[in-house]
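This is target-v9.csv (CSV, C-alpha atoms and all ligand atoms).
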```csv
chain,number,residue,atom,x,y,z
A,1,MET,CA,-15.0,5.4,-12.3
A,2,LYS,CA,-17.4,5.6,-15.3
A,3,ASN,CA,-16.7,2.2,-16.9
A,4,LYS,CA,-13.0,2.8,-17.0
A,5,ARG,CA,-10.8,-0.2,-17.6
A,6,CYS,CA,-8.1,-0.2,-14.9
A,7,ILE,CA,-4.7,-1.9,-14.6
A,8,VAL,CA,-3.7,-2.2,-11.0
A,9,THR,CA,-0.1,-3.2,-10.5
A,10,GLY,CA,0.6,-4.8,-7.1
A,11,GLY,CA,-3.1,-5.8,-6.9
A,12,CYS,CA,-2.3,-8.8,-4.7
A,13,GLY,CA,-0.6,-6.7,-2.1
A,14,PHE,CA,-2.2,-4.9,0.9
A,15,ILE,CA,-3.4,-1.6,-0.6
A,16,GLY,CA,-3.6,-2.9,-4.2
A,17,SER,CA,-6.0,-5.6,-3.2
A,18,ALA,CA,-8.2,-3.1,-1.2
A,19,LEU,CA,-8.3,-1.0,-4.4
A,20,VAL,CA,-9.2,-4.0,-6.6
A,21,ARG,CA,-12.0,-5.1,-4.2
A,22,HIS,CA,-13.4,-1.5,-4.3
A,23,LEU,CA,-13.1,-1.2,-8.1
A,24,VAL,CA,-14.7,-4.6,-8.8
A,25,LEU,CA,-17.4,-4.7,-6.1
A,26,GLU,CA,-18.3,-1.1,-5.7
A,27,GLU,CA,-17.4,0.7,-8.9
A,28,LYS,CA,-18.2,-2.4,-11.1
A,29,VAL,CA,-15.3,-1.7,-13.5
A,30,LYS,CA,-13.0,-4.1,-15.4
A,31,VAL,CA,-9.7,-4.6,-13.7
A,32,LEU,CA,-6.5,-6.3,-14.7
A,33,VAL,CA,-4.2,-7.1,-11.8
A,34,VAL,CA,-0.5,-7.2,-12.7
A,35,ASP,CA,1.5,-8.8,-9.9
A,36,ASN,CA,4.7,-10.8,-9.7
A,37,LEU,CA,3.5,-12.6,-6.6
A,38,THR,CA,6.6,-11.9,-4.5
A,39,TYR,CA,6.6,-12.9,-0.8
A,40,ALA,CA,4.1,-10.0,-0.3
A,41,GLY,CA,1.7,-11.0,-3.0
A,42,VAL,CA,-1.3,-12.9,-1.7
A,43,PRO,CA,-3.9,-13.8,-4.3
A,44,GLU,CA,-6.3,-14.9,-1.5
A,45,SER,CA,-6.8,-11.2,-0.8
A,46,LEU,CA,-8.8,-11.1,-4.0
A,47,LYS,CA,-11.1,-14.0,-3.3
A,48,GLU,CA,-13.8,-11.6,-2.1
A,49,ALA,CA,-13.5,-9.7,-5.4
A,50,GLY,CA,-14.1,-13.0,-7.3
A,51,LEU,CA,-10.6,-14.3,-8.1
A,52,ASP,CA,-10.6,-18.1,-8.4
A,53,VAL,CA,-7.4,-18.8,-6.4
A,54,ASP,CA,-7.5,-22.5,-7.2
A,55,ASP,CA,-7.1,-21.7,-10.9
A,56,LEU,CA,-4.4,-19.0,-11.2
A,57,PRO,CA,-3.0,-18.5,-14.7
A,58,PRO,CA,0.5,-19.6,-15.6
A,59,ARG,CA,3.1,-16.9,-15.3
A,60,GLY,CA,3.0,-14.5,-18.3
A,61,GLU,CA,-0.5,-15.6,-19.4
A,62,ILE,CA,-3.4,-13.1,-19.1
A,63,LEU,CA,-6.5,-14.4,-17.3
A,64,MET,CA,-9.5,-12.3,-18.1
A,65,PRO,CA,-12.7,-13.8,-16.7
A,66,GLU,CA,-16.3,-12.4,-17.4
A,67,GLU,CA,-16.7,-11.7,-13.7
A,68,GLY,CA,-14.1,-10.6,-11.1
A,69,PRO,CA,-10.6,-9.2,-11.7
A,70,GLY,CA,-8.2,-10.4,-14.4
A,71,LEU,CA,-4.7,-11.4,-13.5
A,72,LEU,CA,-1.3,-11.3,-15.1
A,73,ILE,CA,1.5,-12.8,-13.0
A,74,ALA,CA,4.5,-10.9,-14.3
A,75,ASP,CA,7.3,-8.6,-13.3
A,76,ILE,CA,6.7,-4.9,-13.9
A,77,CYS,CA,10.4,-4.7,-15.1
A,78,ASP,CA,9.4,-7.0,-18.0
A,79,THR,CA,8.6,-4.3,-20.5
A,80,GLU,CA,7.6,-6.7,-23.2
A,81,ALA,CA,5.0,-8.4,-20.9
A,82,MET,CA,3.7,-5.0,-19.8
A,83,ALA,CA,3.3,-3.9,-23.4
A,84,ARG,CA,1.3,-7.0,-24.1
A,85,ALA,CA,-0.9,-6.4,-21.1
A,86,PHE,CA,-1.7,-2.9,-22.4
A,87,ARG,CA,-2.4,-4.2,-26.0
A,88,GLU,CA,-4.7,-7.0,-24.8
A,89,PHE,CA,-6.5,-5.3,-21.9
A,90,ARG,CA,-6.7,-1.8,-23.5
A,91,PRO,CA,-6.6,0.3,-20.2
A,92,ASP,CA,-8.0,3.7,-19.7
A,93,THR,CA,-5.8,4.1,-16.6
A,94,ILE,CA,-3.2,2.4,-14.6
A,95,PHE,CA,-2.9,2.6,-10.8
A,96,HIS,CA,0.7,1.8,-10.1
A,97,LEU,CA,1.2,0.2,-6.7
A,98,ALA,CA,3.6,-2.7,-7.3
A,99,ALA,CA,6.7,-2.1,-5.1
A,100,GLU,CA,8.9,-3.5,-2.5
A,101,SER,CA,7.3,-1.8,0.5
A,102,HIS,CA,9.0,-2.7,3.8
A,103,VAL,CA,11.6,-0.3,5.2
A,104,ASP,CA,13.3,-3.0,7.3
A,105,ARG,CA,13.7,-5.3,4.2
A,106,SER,CA,15.2,-2.3,2.3
A,107,ILE,CA,17.9,-2.0,5.0
A,108,ASP,CA,18.8,-5.7,4.5
A,109,GLY,CA,18.6,-5.8,0.7
A,110,PRO,CA,18.3,-2.4,-1.1
A,111,GLY,CA,19.0,-3.8,-4.5
A,112,GLU,CA,15.5,-5.3,-5.1
A,113,PHE,CA,14.0,-2.0,-4.0
A,114,ILE,CA,15.9,-0.1,-6.6
A,115,ARG,CA,15.1,-2.7,-9.3
A,116,THR,CA,11.3,-2.9,-8.7
A,117,ASN,CA,10.6,0.6,-7.4
A,118,VAL,CA,12.9,2.6,-9.8
A,119,MET,CA,13.5,0.4,-12.8
A,120,GLY,CA,10.0,-1.1,-12.7
A,121,THR,CA,8.4,2.3,-12.6
A,122,ALA,CA,10.5,3.5,-15.5
A,123,SER,CA,9.5,0.4,-17.5
A,124,LEU,CA,5.8,1.1,-16.9
A,125,LEU,CA,6.2,4.8,-17.8
A,126,GLN,CA,7.7,3.9,-21.1
A,127,VAL,CA,5.0,1.4,-22.0
A,128,SER,CA,2.4,4.0,-20.8
A,129,LEU,CA,3.8,6.7,-23.0
A,130,ASP,CA,3.6,4.5,-26.1
A,131,TRP,CA,0.0,3.6,-25.2
A,132,TRP,CA,-1.0,7.2,-24.4
A,133,ARG,CA,0.3,8.4,-27.8
A,134,GLU,CA,-2.4,6.3,-29.4
A,135,HIS,CA,-5.0,6.7,-26.6
A,136,PRO,CA,-5.0,10.3,-25.4
A,137,SER,CA,-7.4,10.0,-22.5
A,138,PHE,CA,-5.1,7.5,-20.7
A,139,VAL,CA,-3.9,8.5,-17.2
A,140,PHE,CA,-0.9,7.1,-15.2
A,141,GLN,CA,-1.4,7.2,-11.5
A,142,HIS,CA,1.5,6.7,-9.1
A,143,ILE,CA,0.9,5.6,-5.6
A,144,SER,CA,3.6,6.8,-3.3
A,145,THR,CA,4.4,7.5,0.3
A,146,ASP,CA,4.9,10.4,2.7
A,147,GLU,CA,8.3,8.9,3.6
A,148,VAL,CA,9.8,10.7,0.6
A,149,TYR,CA,9.6,14.0,2.6
A,150,GLY,CA,11.9,12.7,5.4
A,151,SER,CA,11.4,13.3,9.0
A,152,LEU,CA,9.5,16.0,10.9
A,153,GLY,CA,10.4,17.4,14.4
A,154,GLU,CA,7.7,17.8,17.0
A,155,GLU,CA,5.8,20.3,15.0
A,156,GLY,CA,4.6,20.9,11.4
A,157,PHE,CA,3.1,18.8,8.6
A,158,PHE,CA,4.1,17.6,5.1
A,159,THR,CA,2.5,19.5,2.3
A,160,GLU,CA,2.8,18.9,-1.4
A,161,ASN,CA,5.6,21.6,-1.4
A,162,THR,CA,7.7,20.0,1.2
A,163,PRO,CA,11.2,19.3,-0.3
A,164,TYR,CA,12.1,15.6,-0.7
A,165,SER,CA,14.6,14.3,1.9
A,166,PRO,CA,14.3,10.5,2.0
A,167,HIS,CA,16.4,8.5,4.5
A,168,SER,CA,15.9,4.8,4.0
A,169,PRO,CA,16.6,2.8,0.8
A,170,TYR,CA,12.8,2.3,0.6
A,171,SER,CA,11.9,6.0,0.7
A,172,ALA,CA,14.8,6.9,-1.5
A,173,SER,CA,13.6,4.4,-4.1
A,174,LYS,CA,10.0,5.8,-3.9
A,175,ALA,CA,11.4,9.4,-4.2
A,176,ALA,CA,13.3,8.3,-7.3
A,177,SER,CA,10.1,6.8,-8.8
A,178,ASP,CA,8.1,10.0,-8.1
A,179,HIS,CA,10.8,12.0,-9.9
A,180,LEU,CA,10.6,9.7,-12.9
A,181,VAL,CA,6.8,10.1,-13.0
A,182,ARG,CA,7.1,13.9,-13.0
A,183,ALA,CA,9.9,13.8,-15.6
A,184,TRP,CA,7.7,11.7,-18.0
A,185,HIS,CA,4.9,14.3,-17.4
A,186,ASP,CA,7.2,17.4,-17.9
A,187,THR,CA,9.2,16.0,-20.8
A,188,TYR,CA,6.7,14.0,-22.8
A,189,ALA,CA,3.4,15.4,-21.4
A,190,LEU,CA,2.2,11.9,-20.2
A,191,PRO,CA,-0.9,12.6,-18.1
A,192,VAL,CA,0.0,11.6,-14.5
A,193,ARG,CA,-1.2,12.0,-10.9
A,194,ILE,CA,0.9,11.3,-7.8
A,195,THR,CA,-0.4,10.6,-4.3
A,196,ASN,CA,1.8,10.5,-1.2
A,197,CYS,CA,0.0,8.8,1.6
A,198,SER,CA,0.7,8.2,5.2
A,199,ASN,CA,0.9,4.8,6.9
A,200,ASN,CA,-2.0,2.6,6.0
A,201,TYR,CA,-3.6,-0.2,8.2
A,202,GLY,CA,-6.6,-2.5,7.8
A,203,PRO,CA,-7.6,-6.0,6.7
A,204,TYR,CA,-5.2,-8.1,4.6
A,205,HIS,CA,-2.1,-6.3,5.8
A,206,PHE,CA,1.0,-8.5,5.5
A,207,PRO,CA,2.1,-9.6,9.0
A,208,GLU,CA,5.6,-8.1,8.8
A,209,LYS,CA,4.1,-4.6,9.3
A,210,LEU,CA,3.6,-3.1,12.8
A,211,ILE,CA,-0.1,-3.4,13.4
A,212,PRO,CA,-0.7,-7.0,12.1
A,213,LEU,CA,2.6,-8.1,13.7
A,214,VAL,CA,1.4,-6.9,17.1
A,215,ILE,CA,-2.1,-8.5,16.7
A,216,LEU,CA,-0.7,-11.8,15.6
A,217,ASN,CA,2.1,-11.9,18.2
A,218,CYS,CA,-0.5,-11.3,20.9
A,219,LEU,CA,-2.7,-14.1,19.6
A,220,ASP,CA,0.3,-16.5,19.4
A,221,GLY,CA,1.6,-15.4,22.9
A,222,LYS,CA,4.9,-14.1,21.5
A,223,SER,CA,6.7,-10.9,22.6
A,224,ILE,CA,5.8,-7.6,20.9
A,225,PRO,CA,8.9,-5.9,19.7
A,226,VAL,CA,8.9,-2.1,20.1
A,227,TYR,CA,11.8,-0.2,18.4
A,228,GLY,CA,13.7,2.1,20.7
A,229,ALA,CA,11.4,3.8,23.2
A,230,GLY,CA,8.4,3.5,20.8
A,231,ALA,CA,8.3,7.3,20.5
A,232,ASN,CA,8.3,7.5,16.7
A,233,VAL,CA,5.1,9.1,15.4
A,234,ARG,CA,3.2,7.9,12.3
A,235,ASP,CA,0.0,9.3,10.9
A,236,TRP,CA,-2.3,6.3,10.4
A,237,LEU,CA,-5.0,6.0,7.7
A,238,TYR,CA,-7.5,3.2,7.3
A,239,VAL,CA,-6.8,1.5,3.9
A,240,ASP,CA,-10.3,2.0,2.5
A,241,ASP,CA,-10.1,5.7,3.0
A,242,HIS,CA,-6.8,5.7,1.0
A,243,VAL,CA,-8.6,3.7,-1.7
A,244,LYS,CA,-11.4,6.3,-2.0
A,245,ALA,CA,-8.8,9.1,-2.2
A,246,LEU,CA,-7.1,7.2,-5.1
A,247,CYS,CA,-10.3,6.9,-7.1
A,248,LEU,CA,-11.1,10.6,-6.5
A,249,VAL,CA,-7.7,11.7,-7.6
A,250,ASN,CA,-8.0,9.5,-10.7
A,251,GLU,CA,-11.4,10.9,-11.6
A,252,LYS,CA,-11.1,14.5,-10.6
A,253,GLY,CA,-7.5,15.3,-9.9
A,254,ARG,CA,-5.6,17.7,-12.1
A,255,ASP,CA,-3.0,16.6,-14.6
A,256,GLY,CA,0.5,16.5,-13.3
A,257,GLU,CA,-0.5,17.2,-9.7
A,258,THR,CA,0.5,15.7,-6.4
A,259,TYR,CA,-2.0,15.1,-3.6
A,260,ASN,CA,-1.1,14.2,0.0
A,261,VAL,CA,-3.3,11.7,1.7
A,262,GLY,CA,-3.7,11.5,5.4
A,263,GLY,CA,-6.4,11.7,8.1
A,264,HIS,CA,-4.7,13.5,11.0
A,265,ASN,CA,-4.3,10.4,13.2
A,266,GLU,CA,-0.8,10.8,14.6
A,267,LYS,CA,0.2,8.2,17.2
A,268,THR,CA,3.5,7.1,18.7
A,269,ASN,CA,4.3,3.5,18.0
A,270,LEU,CA,3.9,2.7,21.7
A,271,GLU,CA,0.3,4.2,21.6
A,272,VAL,CA,-0.5,2.0,18.7
A,273,VAL,CA,0.8,-1.1,20.4
A,274,LYS,CA,-1.0,-0.3,23.7
A,275,THR,CA,-4.3,0.4,21.8
A,276,VAL,CA,-4.1,-3.0,20.1
A,277,CYS,CA,-3.4,-4.7,23.4
A,278,ALA,CA,-6.4,-3.0,25.1
A,279,ILE,CA,-8.7,-4.0,22.3
A,280,LEU,CA,-7.5,-7.6,22.5
A,281,ASP,CA,-7.8,-7.6,26.3
A,282,ASP,CA,-11.5,-6.7,25.7
A,283,LEU,CA,-12.2,-9.0,22.7
A,284,ARG,CA,-10.0,-12.1,23.4
A,285,PRO,CA,-8.8,-11.9,27.1
A,286,ARG,CA,-5.8,-14.1,27.9
A,287,ALA,CA,-6.5,-17.2,29.9
A,288,ASP,CA,-4.3,-16.0,32.8
A,289,GLY,CA,-6.1,-12.6,33.0
A,290,ALA,CA,-2.9,-10.7,32.3
A,291,SER,CA,-2.9,-7.8,29.8
A,292,TYR,CA,-1.3,-8.3,26.4
A,293,GLU,CA,0.8,-5.3,27.3
A,294,SER,CA,3.0,-7.6,29.4
A,295,LEU,CA,4.3,-9.0,26.0
A,296,ILE,CA,5.9,-5.7,25.1
A,297,THR,CA,9.7,-5.9,24.7
A,298,TYR,CA,11.8,-2.9,23.8
A,299,VAL,CA,14.4,-3.7,21.1
A,300,LYS,CA,17.3,-1.9,19.4
A,301,ASP,CA,15.9,0.9,17.2
A,302,ARG,CA,15.8,0.8,13.4
A,303,PRO,CA,18.9,2.5,11.9
A,304,GLY,CA,18.0,5.9,10.5
A,305,HIS,CA,14.5,5.7,12.0
A,306,ASP,CA,12.5,8.8,11.0
A,307,LEU,CA,11.1,10.5,14.1
A,308,ARG,CA,7.7,11.8,12.9
A,309,TYR,CA,5.5,11.8,9.8
A,310,ALA,CA,2.3,13.9,9.6
A,311,ILE,CA,0.3,14.8,6.5
A,312,ASP,CA,-1.5,18.0,5.7
A,313,PRO,CA,-4.4,16.8,3.5
A,314,THR,CA,-5.9,20.2,2.9
A,315,LYS,CA,-5.4,20.1,-0.9
A,316,LEU,CA,-7.2,16.8,-1.3
A,317,MET,CA,-10.0,17.8,1.0
A,318,THR,CA,-10.7,21.3,-0.4
A,319,GLU,CA,-10.0,20.6,-4.1
A,320,LEU,CA,-11.6,17.1,-4.4
A,321,GLY,CA,-13.8,16.9,-1.3
A,322,TRP,CA,-12.1,13.9,0.2
A,323,LYS,CA,-13.0,13.0,3.8
A,324,PRO,CA,-11.9,9.9,5.7
A,325,SER,CA,-14.7,7.7,7.1
A,326,GLN,CA,-12.7,6.2,9.9
A,327,ASN,CA,-10.6,7.7,12.7
A,328,PHE,CA,-7.9,5.7,14.4
A,329,GLU,CA,-10.1,4.5,17.2
A,330,THR,CA,-12.8,3.1,14.9
A,331,GLY,CA,-10.5,1.8,12.2
A,332,ILE,CA,-8.1,0.0,14.6
A,333,ARG,CA,-11.0,-1.9,16.2
A,334,LYS,CA,-12.4,-3.0,12.9
A,335,THR,CA,-8.9,-4.2,12.0
A,336,VAL,CA,-8.4,-6.2,15.1
A,337,GLU,CA,-11.9,-7.7,14.6
A,338,TRP,CA,-11.0,-8.7,11.1
A,339,TYR,CA,-7.8,-10.5,12.1
A,340,LEU,CA,-9.8,-12.4,14.8
A,341,SER,CA,-12.3,-13.6,12.2
A,342,ASN,CA,-9.9,-14.3,9.3
A,343,GLU,CA,-7.3,-16.7,10.6
A,344,TRP,CA,-7.7,-18.6,7.2
A,345,TRP,CA,-5.9,-15.7,5.6
A,346,TRP,CA,-3.1,-15.0,8.0
A,347,ARG,CA,-2.2,-18.4,9.5
A,348,PRO,CA,-0.7,-19.9,6.3
A,349,ILE,CA,1.3,-16.7,5.8
A,350,ARG,CA,2.7,-16.8,9.4
A,351,GLU,CA,3.5,-20.5,8.9
A,352,LYS,CA,5.0,-20.4,5.4
A,353,ARG,CA,6.2,-16.9,4.6
A,354,TYR,CA,7.0,-14.8,7.7
A,355,SER,CA,6.7,-15.8,11.3
A,356,GLY,CA,7.7,-12.5,12.9
A,357,GLU,CA,11.5,-12.6,13.0
A,358,ARG,CA,13.3,-9.2,13.4
A,359,LEU,CA,14.4,-7.7,10.1
A,360,GLY,CA,16.5,-4.6,9.2
A,361,LYS,CA,18.9,-4.3,12.1
A,362,GLY,CA,21.5,-2.9,9.7
B,401,LIG,N1,1.6,0.4,3.2
B,401,LIG,C1,1.6,1.7,3.4
B,401,LIG,O1,1.4,2.2,4.5
B,401,LIG,C2,1.8,2.7,2.3
B,401,LIG,C3,1.7,4.0,2.4
B,401,LIG,C4,1.8,4.9,1.3
B,401,LIG,C5,2.2,4.4,0.1
B,401,LIG,N2,2.4,3.0,0.0
B,401,LIG,C6,2.7,2.6,-1.4
B,401,LIG,O2,1.6,1.8,-1.8
B,401,LIG,C7,2.0,0.7,-2.7
B,401,LIG,C8,1.4,-0.6,-2.1
B,401,LIG,O3,1.9,-0.8,-0.8
B,401,LIG,P1,1.5,-2.1,0.0
B,401,LIG,O4,1.6,-1.8,1.4
B,401,LIG,O5,0.2,-2.6,-0.5
B,401,LIG,O6,2.6,-3.1,-0.5
B,401,LIG,P2,2.7,-4.7,-0.4
B,401,LIG,O7,4.1,-5.0,-0.1
B,401,LIG,O8,1.6,-5.2,0.5
B,401,LIG,O9,2.3,-5.2,-1.9
B,401,LIG,C9,3.2,-5.0,-3.0
B,401,LIG,C10,2.7,-5.8,-4.1
B,401,LIG,O10,3.5,-5.6,-5.3
B,401,LIG,C11,3.9,-6.9,-5.9
B,401,LIG,N3,5.2,-6.7,-6.5
B,401,LIG,C12,6.4,-6.5,-5.9
B,401,LIG,N4,7.4,-6.4,-6.8
B,401,LIG,C13,6.8,-6.6,-8.0
B,401,LIG,C14,7.3,-6.6,-9.3
B,401,LIG,N5,8.6,-6.5,-9.6
B,401,LIG,N6,6.4,-6.8,-10.4
B,401,LIG,C15,5.1,-6.9,-10.1
B,401,LIG,N7,4.6,-6.9,-8.9
B,401,LIG,C16,5.4,-6.8,-7.8
B,401,LIG,C17,3.9,-7.8,-4.7
B,401,LIG,O11,3.8,-9.2,-5.1
B,401,LIG,C18,2.7,-7.4,-3.9
B,401,LIG,O12,1.5,-8.0,-4.3
B,401,LIG,C19,3.5,0.8,-2.7
B,401,LIG,O13,3.9,1.4,-3.9
B,401,LIG,C20,3.9,1.6,-1.5
B,401,LIG,O14,5.1,2.3,-1.7
B,401,LIG,C21,2.2,2.2,1.0
```
Show this structure as structure tokens.
Amino acid sequence: MKNKRCIVTGGCGFIGSALVRHLVLEEKVKVLVVDNLTYAGVPESLKEAGLDVDDLPPRGEILMPEEGPGLLIADICDTEAMARAFREFRPDTIFHLAAESHVDRSIDGPGEFIRTNVMGTASLLQVSLDWWREHPSFVFQHISTDEVYGSLGEEGFFTENTPYSPHSPYSASKAASDHLVRAWHDTYALPVRITNCSNNYGPYHFPEKLIPLVILNCLDGKSIPVYGAGANVRDWLYVDDHVKALCLVNEKGRDGETYNVGGHNEKTNLEVVKTVCAILDDLRPRADGASYESLITYVKDRPGHDLRYAIDPTKLMTELGWKPSQNFETGIRKTVEWYLSNEWWWRPIREKRYSGERLGKG
């Protein structure tokens, strides 16, 4: 990243923290994390990157240590606080990941998704525009999802030209934010990049999402909820491969362009669940010798559940030379191993923040 100074919004979340660990530990660049520490924000995910979690700054105050990432605990909708972060940190680029990210929660409470994902993105675009007018090499990078494209049938892939057709409040709010980013580029010439990525998985994934939920329910001997018949297909990408794509797009991507990110790892939800069960049967067999698969329970489907997502990553691969390092089989094993070795991270979350209850029944 050539000594770039990077703001990462949502840097205490799943993908944001993976990006921050990479930027600080591998790229050795200066990072300021901007995060509101919602239920999904976990500063402990940045311990490895050098954040002192016992000495977090008061809300609204910028912590900028010599080593490790800086931190501003603030809401991205707070335009004044964002402008101060830009003035004090002087970024070359912003990776914008802060969002409400769980489809089920968006069914229960869409308002917060519209506030953070739409209004929050608009607030950052406005602050970025003012900053870019005085710092012309600045780039705004928006991290988005393949869910904006809607649902595929049995065949075909999402390309960068697939028309938007979001179905959930979450995907509609992300689609709106993508449109805002393009509008600020087309109207004001703000330099932007957009990436639309498939489902991520890996270490430090908040336990409400499918893969960590399955792992932790297995370890706690709880039932594993599978929505409908478990036939919905998602295209799974190991989080560190997403992070490498984000850095490549930031460095070498073309202004105003969109890049789809995915590694051709389509699996039905039931396949994912059964794979996790088989790995745990191997690594942590149950005392009674039964397979973890016996914990599977079929529950009522999610309303408006998209059938299939699948990404065509040709543009990212041919134009920027991106190649994923993990396939689903290698990545999922690493992930299960990580949860087995890192109970210090997930146990307090399961006990204090989210213990696995069903969300988003509609
Ligand atoms: N998880 C996926 O599979 C996936 C796939 C493609 C794209 N994305 C996108 O990547 C981004 C990160 O996803 P994730 O899975 O890491 O999410 P996450 O829910 O794990 O983390 C979101 C982070 O944003 C912070 N945040 C929320 N509201 C905020 C606000 N108003 N102000 C400041 N910070 C706020 C939270 O505290 C949290 O740390 C999101 O924009 C999401 O839409 C996710």
Separation of atom CA of Arg182 of chain A from atom O3 of ligand LIG 401 (chain B), in Å and rounded to one decimal: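 One can read the atom CA of Arg182 of chain A to atom O3 of ligand LIG 401 (chain B) distance as 19.8 Å.
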Exercise: His205 of chain A partners within 10 Å, only C-alpha atoms, chain neighbours under 5 positions left out, as a PyMOL selection string: chain A and resi 13-15+17-18+40+45+200+210-213+239+335+339+346
Just checking: using only C-alpha atoms and all ligand atoms, which residue out of A:Arg333, A:Arg286, A:Lys209, A:Arg5 ends up closest to ligand LIG 401 (chain B)? A:Lys209
Hey, which residues come within 8 Å of ligand LIG 401 (chain B) if we count all atoms listed in the file? Could you give them as number ranges by chain? A: 9-17, 34-43, 73-77, 96-102, 115-117, 120, 142-147, 174, 196-201, 205-206
Between A:Asp186, A:Glu160, A:Glu357, A:Glu271, which one has atoms that come closest to Asp255 of chain A, using all atoms listed in the file?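 Going through A:Asp186, A:Glu160, A:Glu357, A:Glu271 one by one, the smallest distance to Asp255 of chain A is for A:Asp186.
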Separation of atom CA of Arg133 of chain A from atom CA of Gly70 of chain A in Å: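 Computing the Euclidean distance for atom CA of Gly70 of chain A and atom CA of Arg133 of chain A yields 24.6 Å.
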Go through A:Arg353, A:His242, A:His179, A:Arg90 one by one, measure the shortest atom-to-atom distance of each to Leu316 of chain A using all atoms listed in the file, and give the residue with the smallest value. A:His242
For segment 219-231 of chain A: contacts at 7 Å, all atoms listed in the file, fewer than 5 positions along chain excluded, given as a ChimeraX atom specification: /A:214,268-270,295-302
Take the residues from that selection and put them in a file with C-alpha atoms, as a tab-separated table (two decimals), in the frame of the given file.
```tsv
chain	number	residue	atom	x	y	z
A	214	VAL	CA	1.40	-6.90	17.10
A	268	THR	CA	3.50	7.10	18.70
A	269	ASN	CA	4.30	3.50	18.00
A	270	LEU	CA	3.90	2.70	21.70
A	295	LEU	CA	4.30	-9.00	26.00
A	296	ILE	CA	5.90	-5.70	25.10
A	297	THR	CA	9.70	-5.90	24.70
A	298	TYR	CA	11.80	-2.90	23.80
A	299	VAL	CA	14.40	-3.70	21.10
A	300	LYS	CA	17.30	-1.90	19.40
A	301	ASP	CA	15.90	0.90	17.20
A	302	ARG	CA	15.80	0.80	13.40
```
Return the single residue from A:Leu56, A:Lys267, A:Ala83, A:Val29 that is closest to Met1 of chain A, with distances computed using all atoms listed in the file.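 Using all atoms listed in the file, the shortest distance to Met1 of chain A belongs to A:Val29.
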Residue nearest Tyr188 of chain A - candidates A:Gly262, A:Tyr354, A:Pro110, A:Leu125, atoms counted: all atoms listed in the file: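 Using all atoms listed in the file, Tyr188 of chain A sits closest to A:Leu125.
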Distance criterion (all atoms listed in the file): nearest to Leu129 of chain A out of A:Asp78, A:Thr187, A:Val148, A:Thr162: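 That would be A:Thr187, the residue with the smallest distance to Leu129 of chain A.
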Slice of the block: segment 312-347 of chain A, C-alpha atoms, as a short mmCIF file (atom, residue, chain, number, x, y, z; two decimals), in the first residue's frame:
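Saved file out06.cif follows:
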```
data_model
loop_
_atom_site.label_atom_id
_atom_site.label_comp_id
_atom_site.auth_asym_id
_atom_site.auth_seq_id
_atom_site.Cartn_x
_atom_site.Cartn_y
_atom_site.Cartn_z
CA ASP A 312 -18.09 -14.22 -11.85
CA PRO A 313 -14.71 -12.78 -10.72
CA THR A 314 -13.18 -12.65 -14.23
CA LYS A 315 -12.66 -8.88 -14.22
CA LEU A 316 -10.77 -8.89 -10.90
CA MET A 317 -8.68 -11.87 -11.96
CA THR A 318 -7.76 -10.76 -15.47
CA GLU A 319 -7.44 -7.02 -14.88
CA LEU A 320 -5.77 -7.04 -11.46
CA GLY A 321 -4.33 -10.56 -11.24
CA TRP A 322 -6.27 -11.56 -8.09
CA LYS A 323 -6.33 -15.26 -7.18
CA PRO A 324 -7.81 -16.73 -4.00
CA SER A 325 -5.39 -18.70 -1.81
CA GLN A 326 -8.03 -20.92 -0.18
CA ASN A 327 -10.76 -23.12 -1.59
CA PHE A 328 -13.76 -23.96 0.58
CA GLU A 329 -12.27 -27.23 1.83
CA THR A 330 -9.01 -25.67 3.07
CA GLY A 331 -10.59 -22.46 4.34
CA ILE A 332 -13.37 -24.13 6.31
CA ARG A 333 -10.94 -26.44 8.09
CA LYS A 334 -8.73 -23.48 9.08
CA THR A 335 -11.84 -21.69 10.32
CA VAL A 336 -13.06 -24.58 12.49
CA GLU A 337 -9.54 -24.97 13.91
CA TRP A 338 -9.47 -21.26 14.74
CA TYR A 339 -12.74 -21.44 16.71
CA LEU A 340 -11.47 -24.50 18.58
CA SER A 341 -8.34 -22.58 19.65
CA ASN A 342 -9.91 -19.20 20.37
CA GLU A 343 -12.68 -19.68 22.90
CA TRP A 344 -11.34 -16.54 24.69
CA TRP A 345 -12.74 -14.53 21.76
CA TRP A 346 -16.14 -16.12 21.17
CA ARG A 347 -17.24 -17.33 24.61
#
```
